[in-house]
Amino acid sequence: MELSVISSNLLYASFFIYLLATFIFGATVKVSNEKTNHKVGNIGIGVTIVGFLTQIGYFVTRWFAAGHAPVSNLFEFMTFFGMMLVFGFIILFFIYRITLLGLFALPVALLVIAYASMFPTEISPLVPSLKSHWLYIHVTTAALGQAILAISFAAGLIYLIRQVNQEKATKRTRWLEFILFGLLCAVGYIAVGTTFGAVNYEATFEAPVNEQMTQITYEMPPIAGPADGELLTERAFGPLFETPGWMQGVNAPVKFNAILWSVFAGLVIYGVLRLLLRKRIAKSIQPLLKSASPRLVDEVSYRAVAIGFPVFTLGAIIFASIWAQEAWDRFWGWDPKEVWALITWLFYAAFLHLRLTRGWEGERSAWLAVIGFAIIMFNLLAVNLIISGLHSYA
């Protein structure tokens with residue numbers, strides 16, 4: 001069996017093992033006996049570690065199959081990011097022993113890995129600018145830093161759902177619902193992409209790109225078609241409108257269309273859940289989190305930032321600048337990816353400053369953790385998918 005096939009099978013196996021671990025951690029919500037809860041939590045972390053080791057197997061076999069570190073495109077980076085997110089959870093679990101953290105951190109990792117599968121998974125040669133040892137030094141440390149920071153989001157979300165008063169609709173409850181809606185958008189995109197992928201849907205357009213007529217293929221029905229494009233595929237649905245002209249590149253219209261499908265599918269799923277639950281989603285979850293200690297969850301959220309921030313600084317700022325000097329003869333060039341890495345760094349620096357000097361603990365800190373994760377995901381997805389730059393390898 002080829003290494004690439006073994007690698008794919010190991011990734012699928014790790015995904016389902018993480019899913020099993022999530023259900024095990026979910027069982028702790030219904031367990032009132034502390035001793036039993038501890039035993040179930042130990043089983044959950046044991047299964048999680050098995051899944052993590054399986055995903056390491058995926059990473060190593062894909063590295064051998066590709067001949068380079070598998071972090072060179074969006075599929076590879078996001079699967080590695082999901083793996084590091086699980087690694088960060090394992091570390092913090094053994095420090096604080098919060099079983100509920102697994103019920104929130106693992107689904108985020110699952111969404112990241114599943115979302116990655118929507119992008120091309122084929123092994124491809126490195127572009128010349130990536131043929132450097134800095135590929136695995138810079139990218140892996142940056143991903144590890146972001147993943148540990150993402151754990152602060154999981155802990156912050158637990159805190160907010162646990163503490164925000166859900167008895168009446170307020171600005172805070174609306175923002176909390178919006179956060180959950182964003183997660184459902186990711187679920188919706190995965191569902192839509194998998195469905196149309198199963199039926200091998202394709203719609204091809206011919207459109208001008210950089211003043212040359214180019215064929216652009218959609219794998220989901222085009223809500224937004226390419227600017228000045230002509231649909232070539234017979235019996236395919238025509239677009240509702242055109243992609244804005246400032247979105248340059250062959251893949252920009254396709255990626256923008258994917259984001260629109262994410263939002264549409266998220267709205268459908270959210271609407272169905274609201275009809276079934278007959279109340280806000282956060283209000284439905286809140287009773288399940290009564291056993292969570294707000295003080296301890298807040299401490300986990302802060303500790304994740306305290307650990308993740310220096311790692312992110314090392315990987316995404318220092319190592320990135322060294323590689324930029326080596327590759328492009330300048331430490332800094334205001335590329336969109338560089339700008340958003342700096343914005344991320346400044347935000348978490350402000351987080352720690354406000355936490356340590358201004359006493360922003362509890363709910364304020366939790367909201368900052370959520371905003372920080374939104375910035376990370378914008379940098380990972382929107383900057384890569386929509387805004388053209390030197391880092392647009394996806």
# chains A, B, ... in the order shown; residues from 1 in each chain; ligands from 1

call {"tool": "select_by_dssp", "arguments": {"residues": "region 159-315 of chain A", "states": "strand (DSSP E or B)", "output": "PDB file with all heavy atoms, in the first residue's frame"}}
result
ATOM      1  N   ALA A 203     -19.092  22.926 -12.295  1.00  0.00           N
ATOM      2  CA  ALA A 203     -19.598  23.956 -13.214  1.00  0.00           C
ATOM      3  C   ALA A 203     -18.404  24.790 -13.653  1.00  0.00           C
ATOM      4  O   ALA A 203     -17.676  25.331 -12.805  1.00  0.00           O
ATOM      5  CB  ALA A 203     -20.642  24.824 -12.532  1.00  0.00           C
ATOM      6  N   THR A 204     -18.165  24.865 -14.946  1.00  0.00           N
ATOM      7  CA  THR A 204     -16.975  25.542 -15.467  1.00  0.00           C
ATOM      8  C   THR A 204     -17.349  26.858 -16.131  1.00  0.00           C
ATOM      9  O   THR A 204     -18.325  26.934 -16.889  1.00  0.00           O
ATOM     10  CB  THR A 204     -16.237  24.646 -16.480  1.00  0.00           C
ATOM     11  OG1 THR A 204     -15.888  23.414 -15.837  1.00  0.00           O
ATOM     12  CG2 THR A 204     -14.971  25.317 -16.978  1.00  0.00           C
ATOM     13  N   PHE A 205     -16.575  27.904 -15.811  1.00  0.00           N
ATOM     14  CA  PHE A 205     -16.747  29.227 -16.411  1.00  0.00           C
ATOM     15  C   PHE A 205     -15.485  29.581 -17.192  1.00  0.00           C
ATOM     16  O   PHE A 205     -14.398  29.078 -16.908  1.00  0.00           O
ATOM     17  CB  PHE A 205     -16.952  30.291 -15.324  1.00  0.00           C
ATOM     18  CG  PHE A 205     -18.287  30.244 -14.651  1.00  0.00           C
ATOM     19  CD1 PHE A 205     -18.528  29.348 -13.618  1.00  0.00           C
ATOM     20  CD2 PHE A 205     -19.299  31.122 -15.023  1.00  0.00           C
ATOM     21  CE1 PHE A 205     -19.753  29.307 -12.986  1.00  0.00           C
ATOM     22  CE2 PHE A 205     -20.531  31.092 -14.389  1.00  0.00           C
ATOM     23  CZ  PHE A 205     -20.759  30.187 -13.374  1.00  0.00           C
ATOM     24  N   GLU A 206     -15.656  30.468 -18.152  1.00  0.00           N
ATOM     25  CA  GLU A 206     -14.517  31.099 -18.807  1.00  0.00           C
ATOM     26  C   GLU A 206     -14.569  32.572 -18.469  1.00  0.00           C
ATOM     27  O   GLU A 206     -15.592  33.230 -18.688  1.00  0.00           O
ATOM     28  CB  GLU A 206     -14.556  30.885 -20.323  1.00  0.00           C
ATOM     29  CG  GLU A 206     -13.278  31.340 -21.008  1.00  0.00           C
ATOM     30  CD  GLU A 206     -13.250  30.975 -22.478  1.00  0.00           C
ATOM     31  OE1 GLU A 206     -14.163  31.438 -23.207  1.00  0.00           O
ATOM     32  OE2 GLU A 206     -12.352  30.223 -22.895  1.00  0.00           O
ATOM     33  N   ALA A 207     -13.488  33.098 -17.903  1.00  0.00           N
ATOM     34  CA  ALA A 207     -13.489  34.485 -17.441  1.00  0.00           C
ATOM     35  C   ALA A 207     -12.102  35.084 -17.590  1.00  0.00           C
ATOM     36  O   ALA A 207     -11.095  34.355 -17.576  1.00  0.00           O
ATOM     37  CB  ALA A 207     -13.938  34.552 -15.981  1.00  0.00           C
ATOM     38  N   PRO A 208     -12.022  36.410 -17.722  1.00  0.00           N
ATOM     39  CA  PRO A 208     -10.706  37.056 -17.821  1.00  0.00           C
ATOM     40  C   PRO A 208     -10.003  37.112 -16.466  1.00  0.00           C
ATOM     41  O   PRO A 208     -10.568  37.589 -15.481  1.00  0.00           O
ATOM     42  CB  PRO A 208     -11.050  38.468 -18.325  1.00  0.00           C
ATOM     43  CG  PRO A 208     -12.460  38.706 -17.874  1.00  0.00           C
ATOM     44  CD  PRO A 208     -13.125  37.365 -17.879  1.00  0.00           C
ATOM     45  N   VAL A 209      -8.783  36.589 -16.426  1.00  0.00           N
ATOM     46  CA  VAL A 209      -7.948  36.659 -15.221  1.00  0.00           C
ATOM     47  C   VAL A 209      -6.589  37.193 -15.649  1.00  0.00           C
ATOM     48  O   VAL A 209      -5.911  36.579 -16.477  1.00  0.00           O
ATOM     49  CB  VAL A 209      -7.794  35.270 -14.552  1.00  0.00           C
ATOM     50  CG1 VAL A 209      -6.864  35.379 -13.338  1.00  0.00           C
ATOM     51  CG2 VAL A 209      -9.146  34.715 -14.145  1.00  0.00           C
ATOM     52  N   GLN A 212      -6.212  37.543 -19.325  1.00  0.00           N
ATOM     53  CA  GLN A 212      -6.214  36.331 -20.145  1.00  0.00           C
ATOM     54  C   GLN A 212      -7.461  35.524 -19.837  1.00  0.00           C
ATOM     55  O   GLN A 212      -7.857  35.398 -18.676  1.00  0.00           O
ATOM     56  CB  GLN A 212      -4.970  35.480 -19.856  1.00  0.00           C
ATOM     57  CG  GLN A 212      -3.673  36.094 -20.339  1.00  0.00           C
ATOM     58  CD  GLN A 212      -2.491  35.147 -20.152  1.00  0.00           C
ATOM     59  OE1 GLN A 212      -2.605  34.156 -19.450  1.00  0.00           O
ATOM     60  NE2 GLN A 212      -1.368  35.463 -20.796  1.00  0.00           N
ATOM     61  N   MET A 213      -8.081  34.972 -20.877  1.00  0.00           N
ATOM     62  CA  MET A 213      -9.268  34.151 -20.673  1.00  0.00           C
ATOM     63  C   MET A 213      -8.861  32.821 -20.042  1.00  0.00           C
ATOM     64  O   MET A 213      -7.987  32.126 -20.549  1.00  0.00           O
ATOM     65  CB  MET A 213      -9.997  33.912 -21.993  1.00  0.00           C
ATOM     66  CG  MET A 213     -10.548  35.187 -22.629  1.00  0.00           C
ATOM     67  SD  MET A 213     -11.647  36.126 -21.518  1.00  0.00           S
ATOM     68  CE  MET A 213     -13.049  35.006 -21.402  1.00  0.00           C
ATOM     69  N   THR A 214      -9.483  32.506 -18.928  1.00  0.00           N
ATOM     70  CA  THR A 214      -9.107  31.336 -18.133  1.00  0.00           C
ATOM     71  C   THR A 214     -10.350  30.553 -17.745  1.00  0.00           C
ATOM     72  O   THR A 214     -11.412  31.140 -17.489  1.00  0.00           O
ATOM     73  CB  THR A 214      -8.364  31.764 -16.850  1.00  0.00           C
ATOM     74  OG1 THR A 214      -7.269  32.603 -17.200  1.00  0.00           O
ATOM     75  CG2 THR A 214      -7.861  30.558 -16.068  1.00  0.00           C
ATOM     76  N   GLN A 215     -10.237  29.224 -17.717  1.00  0.00           N
ATOM     77  CA  GLN A 215     -11.355  28.399 -17.259  1.00  0.00           C
ATOM     78  C   GLN A 215     -11.295  28.230 -15.738  1.00  0.00           C
ATOM     79  O   GLN A 215     -10.241  27.927 -15.180  1.00  0.00           O
ATOM     80  CB  GLN A 215     -11.326  27.030 -17.941  1.00  0.00           C
ATOM     81  CG  GLN A 215     -11.721  27.088 -19.404  1.00  0.00           C
ATOM     82  CD  GLN A 215     -12.024  25.721 -19.979  1.00  0.00           C
ATOM     83  OE1 GLN A 215     -11.857  24.692 -19.331  1.00  0.00           O
ATOM     84  NE2 GLN A 215     -12.504  25.699 -21.215  1.00  0.00           N
ATOM     85  N   ILE A 216     -12.437  28.470 -15.089  1.00  0.00           N
ATOM     86  CA  ILE A 216     -12.552  28.377 -13.627  1.00  0.00           C
ATOM     87  C   ILE A 216     -13.627  27.348 -13.306  1.00  0.00           C
ATOM     88  O   ILE A 216     -14.760  27.463 -13.782  1.00  0.00           O
ATOM     89  CB  ILE A 216     -12.911  29.741 -13.010  1.00  0.00           C
ATOM     90  CG1 ILE A 216     -11.829  30.775 -13.355  1.00  0.00           C
ATOM     91  CG2 ILE A 216     -13.089  29.629 -11.504  1.00  0.00           C
ATOM     92  CD1 ILE A 216     -12.174  32.186 -12.927  1.00  0.00           C
ATOM     93  N   THR A 217     -13.284  26.334 -12.518  1.00  0.00           N
ATOM     94  CA  THR A 217     -14.208  25.245 -12.201  1.00  0.00           C
ATOM     95  C   THR A 217     -14.707  25.352 -10.770  1.00  0.00           C
ATOM     96  O   THR A 217     -13.910  25.460  -9.833  1.00  0.00           O
ATOM     97  CB  THR A 217     -13.535  23.879 -12.407  1.00  0.00           C
ATOM     98  OG1 THR A 217     -13.112  23.774 -13.779  1.00  0.00           O
ATOM     99  CG2 THR A 217     -14.495  22.744 -12.095  1.00  0.00           C
ATOM    100  N   TYR A 218     -16.033  25.317 -10.625  1.00  0.00           N
ATOM    101  CA  TYR A 218     -16.691  25.322  -9.319  1.00  0.00           C
ATOM    102  C   TYR A 218     -17.090  23.894  -8.961  1.00  0.00           C
ATOM    103  O   TYR A 218     -17.594  23.155  -9.806  1.00  0.00           O
ATOM    104  CB  TYR A 218     -17.955  26.179  -9.356  1.00  0.00           C
ATOM    105  CG  TYR A 218     -17.731  27.673  -9.336  1.00  0.00           C
ATOM    106  CD1 TYR A 218     -17.119  28.327 -10.394  1.00  0.00           C
ATOM    107  CD2 TYR A 218     -18.169  28.433  -8.257  1.00  0.00           C
ATOM    108  CE1 TYR A 218     -16.928  29.696 -10.381  1.00  0.00           C
ATOM    109  CE2 TYR A 218     -17.998  29.805  -8.229  1.00  0.00           C
ATOM    110  CZ  TYR A 218     -17.370  30.433  -9.296  1.00  0.00           C
ATOM    111  OH  TYR A 218     -17.198  31.789  -9.269  1.00  0.00           O
ATOM    112  N   ALA A 224     -21.940  33.034  -6.439  1.00  0.00           N
ATOM    113  CA  ALA A 224     -21.223  34.170  -7.024  1.00  0.00           C
ATOM    114  C   ALA A 224     -20.313  33.651  -8.125  1.00  0.00           C
ATOM    115  O   ALA A 224     -19.399  32.867  -7.865  1.00  0.00           O
ATOM    116  CB  ALA A 224     -20.410  34.890  -5.960  1.00  0.00           C
ATOM    117  N   GLY A 225     -20.564  34.065  -9.360  1.00  0.00           N
ATOM    118  CA  GLY A 225     -19.733  33.636 -10.484  1.00  0.00           C
ATOM    119  C   GLY A 225     -18.565  34.580 -10.679  1.00  0.00           C
ATOM    120  O   GLY A 225     -18.505  35.667 -10.087  1.00  0.00           O
ATOM    121  N   GLU A 230     -18.354  33.529 -18.393  1.00  0.00           N
ATOM    122  CA  GLU A 230     -19.378  32.848 -19.195  1.00  0.00           C
ATOM    123  C   GLU A 230     -19.462  31.386 -18.755  1.00  0.00           C
ATOM    124  O   GLU A 230     -18.455  30.683 -18.714  1.00  0.00           O
ATOM    125  CB  GLU A 230     -19.017  32.921 -20.671  1.00  0.00           C
ATOM    126  CG  GLU A 230     -20.019  32.205 -21.570  1.00  0.00           C
ATOM    127  CD  GLU A 230     -19.593  32.191 -23.029  1.00  0.00           C
ATOM    128  OE1 GLU A 230     -18.587  32.854 -23.362  1.00  0.00           O
ATOM    129  OE2 GLU A 230     -20.254  31.484 -23.822  1.00  0.00           O
ATOM    130  N   LEU A 231     -20.670  30.936 -18.418  1.00  0.00           N
ATOM    131  CA  LEU A 231     -20.875  29.557 -17.970  1.00  0.00           C
ATOM    132  C   LEU A 231     -20.776  28.612 -19.165  1.00  0.00           C
ATOM    133  O   LEU A 231     -21.517  28.747 -20.143  1.00  0.00           O
ATOM    134  CB  LEU A 231     -22.239  29.430 -17.290  1.00  0.00           C
ATOM    135  CG  LEU A 231     -22.620  28.047 -16.753  1.00  0.00           C
ATOM    136  CD1 LEU A 231     -21.632  27.596 -15.669  1.00  0.00           C
ATOM    137  CD2 LEU A 231     -24.039  28.068 -16.184  1.00  0.00           C
ATOM    138  N   PHE A 241     -25.020  36.437  -8.732  1.00  0.00           N
ATOM    139  CA  PHE A 241     -24.318  37.700  -8.971  1.00  0.00           C
ATOM    140  C   PHE A 241     -22.846  37.390  -9.215  1.00  0.00           C
ATOM    141  O   PHE A 241     -22.416  36.238  -9.111  1.00  0.00           O
ATOM    142  CB  PHE A 241     -24.483  38.675  -7.793  1.00  0.00           C
ATOM    143  CG  PHE A 241     -24.057  38.108  -6.463  1.00  0.00           C
ATOM    144  CD1 PHE A 241     -22.750  38.235  -6.020  1.00  0.00           C
ATOM    145  CD2 PHE A 241     -24.975  37.456  -5.643  1.00  0.00           C
ATOM    146  CE1 PHE A 241     -22.352  37.721  -4.805  1.00  0.00           C
ATOM    147  CE2 PHE A 241     -24.584  36.934  -4.421  1.00  0.00           C
ATOM    148  CZ  PHE A 241     -23.273  37.070  -3.999  1.00  0.00           C
ATOM    149  N   GLU A 242     -22.069  38.415  -9.549  1.00  0.00           N
ATOM    150  CA  GLU A 242     -20.658  38.221  -9.857  1.00  0.00           C
ATOM    151  C   GLU A 242     -19.771  38.525  -8.650  1.00  0.00           C
ATOM    152  O   GLU A 242     -20.131  39.343  -7.795  1.00  0.00           O
ATOM    153  CB  GLU A 242     -20.234  39.110 -11.035  1.00  0.00           C
ATOM    154  CG  GLU A 242     -20.886  38.726 -12.355  1.00  0.00           C
ATOM    155  CD  GLU A 242     -20.349  39.553 -13.512  1.00  0.00           C
ATOM    156  OE1 GLU A 242     -19.675  40.588 -13.246  1.00  0.00           O
ATOM    157  OE2 GLU A 242     -20.586  39.166 -14.673  1.00  0.00           O
TER     158      GLU A 242
END

call {"tool": "residues_around", "arguments": {"residues": "Gln55 (chain A)", "least_positions_apart": "5", "cutoff": "9 Å", "atoms": "only C-alpha atoms", "output": "list in words"}}
result
Ser7, Leu10, Leu11, Tyr12, Ala13, Ser14, Phe15, Val50, Val60, Thr79, Phe80 and Met83 of chain A

call {"tool": "write_last_selection", "arguments": {"atoms": "N, CA and C atoms", "output": "mmCIF file, in the first residue's frame"}}
result
data_model
loop_
_atom_site.group_PDB
_atom_site.id
_atom_site.type_symbol
_atom_site.label_atom_id
_atom_site.label_comp_id
_atom_site.auth_asym_id
_atom_site.auth_seq_id
_atom_site.Cartn_x
_atom_site.Cartn_y
_atom_site.Cartn_z
ATOM 1 N N SER A 7 -1.293 7.249 4.856
ATOM 2 C CA SER A 7 -1.411 8.554 5.509
ATOM 3 C C SER A 7 -2.862 9.005 5.600
ATOM 4 N N LEU A 10 -4.816 6.956 8.137
ATOM 5 C CA LEU A 10 -4.485 7.334 9.508
ATOM 6 C C LEU A 10 -5.186 8.630 9.904
ATOM 7 N N LEU A 11 -5.294 9.570 8.962
ATOM 8 C CA LEU A 11 -5.986 10.824 9.265
ATOM 9 C C LEU A 11 -7.461 10.565 9.532
ATOM 10 N N TYR A 12 -8.097 9.731 8.680
ATOM 11 C CA TYR A 12 -9.512 9.396 8.899
ATOM 12 C C TYR A 12 -9.697 8.703 10.245
ATOM 13 N N ALA A 13 -8.783 7.793 10.568
ATOM 14 C CA ALA A 13 -8.880 7.070 11.841
ATOM 15 C C ALA A 13 -8.772 8.023 13.020
ATOM 16 N N SER A 14 -7.825 8.960 12.950
ATOM 17 C CA SER A 14 -7.666 9.924 14.049
ATOM 18 C C SER A 14 -8.909 10.781 14.215
ATOM 19 N N PHE A 15 -9.537 11.134 13.094
ATOM 20 C CA PHE A 15 -10.761 11.952 13.154
ATOM 21 C C PHE A 15 -11.849 11.222 13.943
ATOM 22 N N VAL A 50 -4.632 8.383 21.995
ATOM 23 C CA VAL A 50 -4.552 7.397 20.909
ATOM 24 C C VAL A 50 -4.810 8.090 19.560
ATOM 25 N N VAL A 60 3.751 11.846 9.816
ATOM 26 C CA VAL A 60 5.050 11.263 9.471
ATOM 27 C C VAL A 60 4.990 10.553 8.111
ATOM 28 N N THR A 79 -4.757 20.553 8.857
ATOM 29 C CA THR A 79 -4.716 19.276 9.571
ATOM 30 C C THR A 79 -3.645 19.316 10.661
ATOM 31 N N PHE A 80 -2.516 19.956 10.376
ATOM 32 C CA PHE A 80 -1.476 20.103 11.399
ATOM 33 C C PHE A 80 -1.959 21.020 12.525
ATOM 34 N N MET A 83 -4.140 19.066 14.732
ATOM 35 C CA MET A 83 -3.345 18.162 15.555
ATOM 36 C C MET A 83 -2.702 18.908 16.724
#

call {"tool": "residues_around", "arguments": {"residues": "region 144-151 of chain A", "least_positions_apart": "3", "cutoff": "7 Å", "atoms": "only C-alpha atoms", "output": "JSON, numbers by chain"}}
result
{"A": [81, 84, 85, 88, 89, 105, 140, 141, 154, 155, 301, 304, 305, 308, 309, 311, 312, 373]}

call {"tool": "select_by_dssp", "arguments": {"residues": "region 216-368 of chain A", "states": "alpha helix (DSSP H)", "output": "ChimeraX atom specification"}}
result
/A:252-277,281-285,294-312,320-328,336-357,363-368

call {"tool": "residues_around", "arguments": {"residues": "region 318-331 of chain A", "least_positions_apart": "2", "cutoff": "10 Å", "atoms": "only C-alpha atoms", "output": "list in words"}}
result
Pro128, Ser129, Leu130, Lys131, Ser132, His133, Trp134, Leu135, Ile137, His138, Val139, Thr141, Ala142, Phe312, Thr313, Leu314, Gly315, Ala316, Gly333, Trp334, Glu338 and Ala341 of chain A

call {"tool": "residues_around", "arguments": {"residues": "region 377-380 of chain A", "least_positions_apart": "6", "cutoff": "9 Å", "atoms": "only C-alpha atoms", "output": "MDAnalysis selection string"}}
result
chainID A and resid 74 78 336:337 340:341 344

call {"tool": "write_last_selection", "arguments": {"atoms": "N, CA, C and O atoms", "output": "compact mmCIF listing (two decimals), in the first residue's frame"}}
result
# COMPACT_ATOMS: atom_id res chain seq x y z
N LEU A 74 -3.10 24.63 2.26
CA LEU A 74 -4.11 24.85 3.28
C LEU A 74 -4.61 23.55 3.89
O LEU A 74 -4.89 23.50 5.10
N MET A 78 -3.95 23.06 7.88
CA MET A 78 -5.11 22.97 8.78
C MET A 78 -5.16 21.63 9.51
O MET A 78 -5.57 21.58 10.67
N PRO A 336 -0.40 40.87 3.12
CA PRO A 336 -1.60 40.69 3.96
C PRO A 336 -1.41 39.69 5.10
O PRO A 336 -1.88 39.91 6.22
N LYS A 337 -0.72 38.59 4.84
CA LYS A 337 -0.50 37.58 5.88
C LYS A 337 0.38 38.13 6.99
O LYS A 337 0.15 37.87 8.18
N TRP A 340 -1.70 40.60 9.15
CA TRP A 340 -2.65 39.96 10.07
C TRP A 340 -1.94 39.15 11.14
O TRP A 340 -2.47 38.99 12.26
N ALA A 341 -0.74 38.67 10.85
CA ALA A 341 0.05 38.04 11.92
C ALA A 341 0.42 39.09 12.97
O ALA A 341 0.36 38.82 14.18
N THR A 344 -2.67 39.90 15.01
CA THR A 344 -2.88 38.82 15.99
C THR A 344 -1.94 38.99 17.18
O THR A 344 -2.35 38.88 18.33

call {"tool": "closest_atom_pairs", "arguments": {"of": "region 266-287 of chain A", "to": "region 172-175 of chain A", "cutoff": "10 Å", "atoms": "only C-alpha atoms", "output": "tab-separated table"}}
result
residue	atom	partner	partner_atom	distance
A:Arg280	CA	A:Thr173	CA	8.6
A:Ile281	CA	A:Thr173	CA	10.0
A:Ala282	CA	A:Thr173	CA	7.9
A:Lys283	CA	A:Thr173	CA	8.8

call {"tool": "write_last_selection", "arguments": {"atoms": "N, CA and C atoms", "output": "short mmCIF file (atom, residue, chain, number, x, y, z; two decimals), in the first residue's frame"}}
result
data_model
loop_
_atom_site.label_atom_id
_atom_site.label_comp_id
_atom_site.auth_asym_id
_atom_site.auth_seq_id
_atom_site.Cartn_x
_atom_site.Cartn_y
_atom_site.Cartn_z
N ARG A 280 -32.72 29.87 22.55
CA ARG A 280 -31.36 30.10 22.08
C ARG A 280 -30.49 28.88 22.36
N ILE A 281 -29.52 28.65 21.47
CA ILE A 281 -28.66 27.48 21.61
C ILE A 281 -27.85 27.56 22.90
N ALA A 282 -27.29 28.73 23.18
CA ALA A 282 -26.50 28.90 24.39
C ALA A 282 -27.34 28.63 25.64
N LYS A 283 -28.58 29.04 25.62
CA LYS A 283 -29.47 28.79 26.76
C LYS A 283 -29.74 27.30 26.93
#

call {"tool": "closest_residue", "arguments": {"among": "A:Thr99, A:Asn200, A:Ser262, A:Ser152", "to": "Leu184 (chain A)", "atoms": "only C-alpha atoms"}}
result
A:Ser262

call {"tool": "atom_distance", "arguments": {"atom1": "CA of Phe196 (chain A)", "atom2": "CA of Gly82 (chain A)"}}
result
24.1 Å

call {"tool": "residues_around", "arguments": {"residues": "Tyr302 (chain A)", "least_positions_apart": "3", "cutoff": "9 Å", "atoms": "only C-alpha atoms", "output": "list of chain:residue names"}}
result
A:Ser152, A:Ala155, A:Gly156, A:Val297, A:Asp298, A:Glu299, A:Val305, A:Ala306, A:Ile307, A:Leu352, A:Arg355, A:Glu361, A:Ser365, A:Ala366, A:Ala369

call {"tool": "atom_distance", "arguments": {"atom1": "CA of Leu276 (chain A)", "atom2": "CA of Gly102 (chain A)"}}
result
25.4 Å

call {"tool": "closest_residue", "arguments": {"among": "A:Pro70, A:Tyr189, A:Phe264, A:Tyr96", "to": "Val112 (chain A)", "atoms": "only C-alpha atoms"}}
result
A:Tyr189

call {"tool": "decode", "arguments": {"residues": "region 139-144 of chain A", "atoms": "all heavy atoms", "output": "compact mmCIF listing (two decimals), in the first residue's frame"}}
result
# COMPACT_ATOMS: atom_id res chain seq x y z
N VAL A 139 6.50 27.46 10.08
CA VAL A 139 5.08 27.11 9.99
C VAL A 139 4.64 26.25 11.18
O VAL A 139 3.56 26.47 11.74
CB VAL A 139 4.78 26.39 8.66
CG1 VAL A 139 3.31 25.98 8.60
CG2 VAL A 139 5.12 27.29 7.48
N THR A 140 5.46 25.29 11.59
CA THR A 140 5.04 24.42 12.69
C THR A 140 4.96 25.16 14.02
O THR A 140 4.02 24.95 14.79
CB THR A 140 6.00 23.22 12.83
OG1 THR A 140 7.34 23.69 12.97
CG2 THR A 140 5.91 22.30 11.62
N THR A 141 5.92 26.05 14.29
CA THR A 141 5.85 26.80 15.55
C THR A 141 4.71 27.81 15.53
O THR A 141 4.05 28.02 16.55
CB THR A 141 7.18 27.52 15.84
OG1 THR A 141 7.60 28.24 14.68
CG2 THR A 141 8.25 26.54 16.24
N ALA A 142 4.47 28.43 14.38
CA ALA A 142 3.34 29.36 14.27
C ALA A 142 2.02 28.64 14.49
O ALA A 142 1.13 29.12 15.21
CB ALA A 142 3.34 30.05 12.91
N ALA A 143 1.88 27.44 13.89
CA ALA A 143 0.66 26.66 14.06
C ALA A 143 0.49 26.21 15.50
O ALA A 143 -0.63 26.24 16.05
CB ALA A 143 0.68 25.44 13.14
N LEU A 144 1.58 25.78 16.16
CA LEU A 144 1.50 25.36 17.55
C LEU A 144 1.06 26.52 18.44
O LEU A 144 0.19 26.36 19.31
CB LEU A 144 2.86 24.83 18.02
CG LEU A 144 2.95 24.45 19.50
CD1 LEU A 144 1.94 23.37 19.86
CD2 LEU A 144 4.37 24.00 19.85
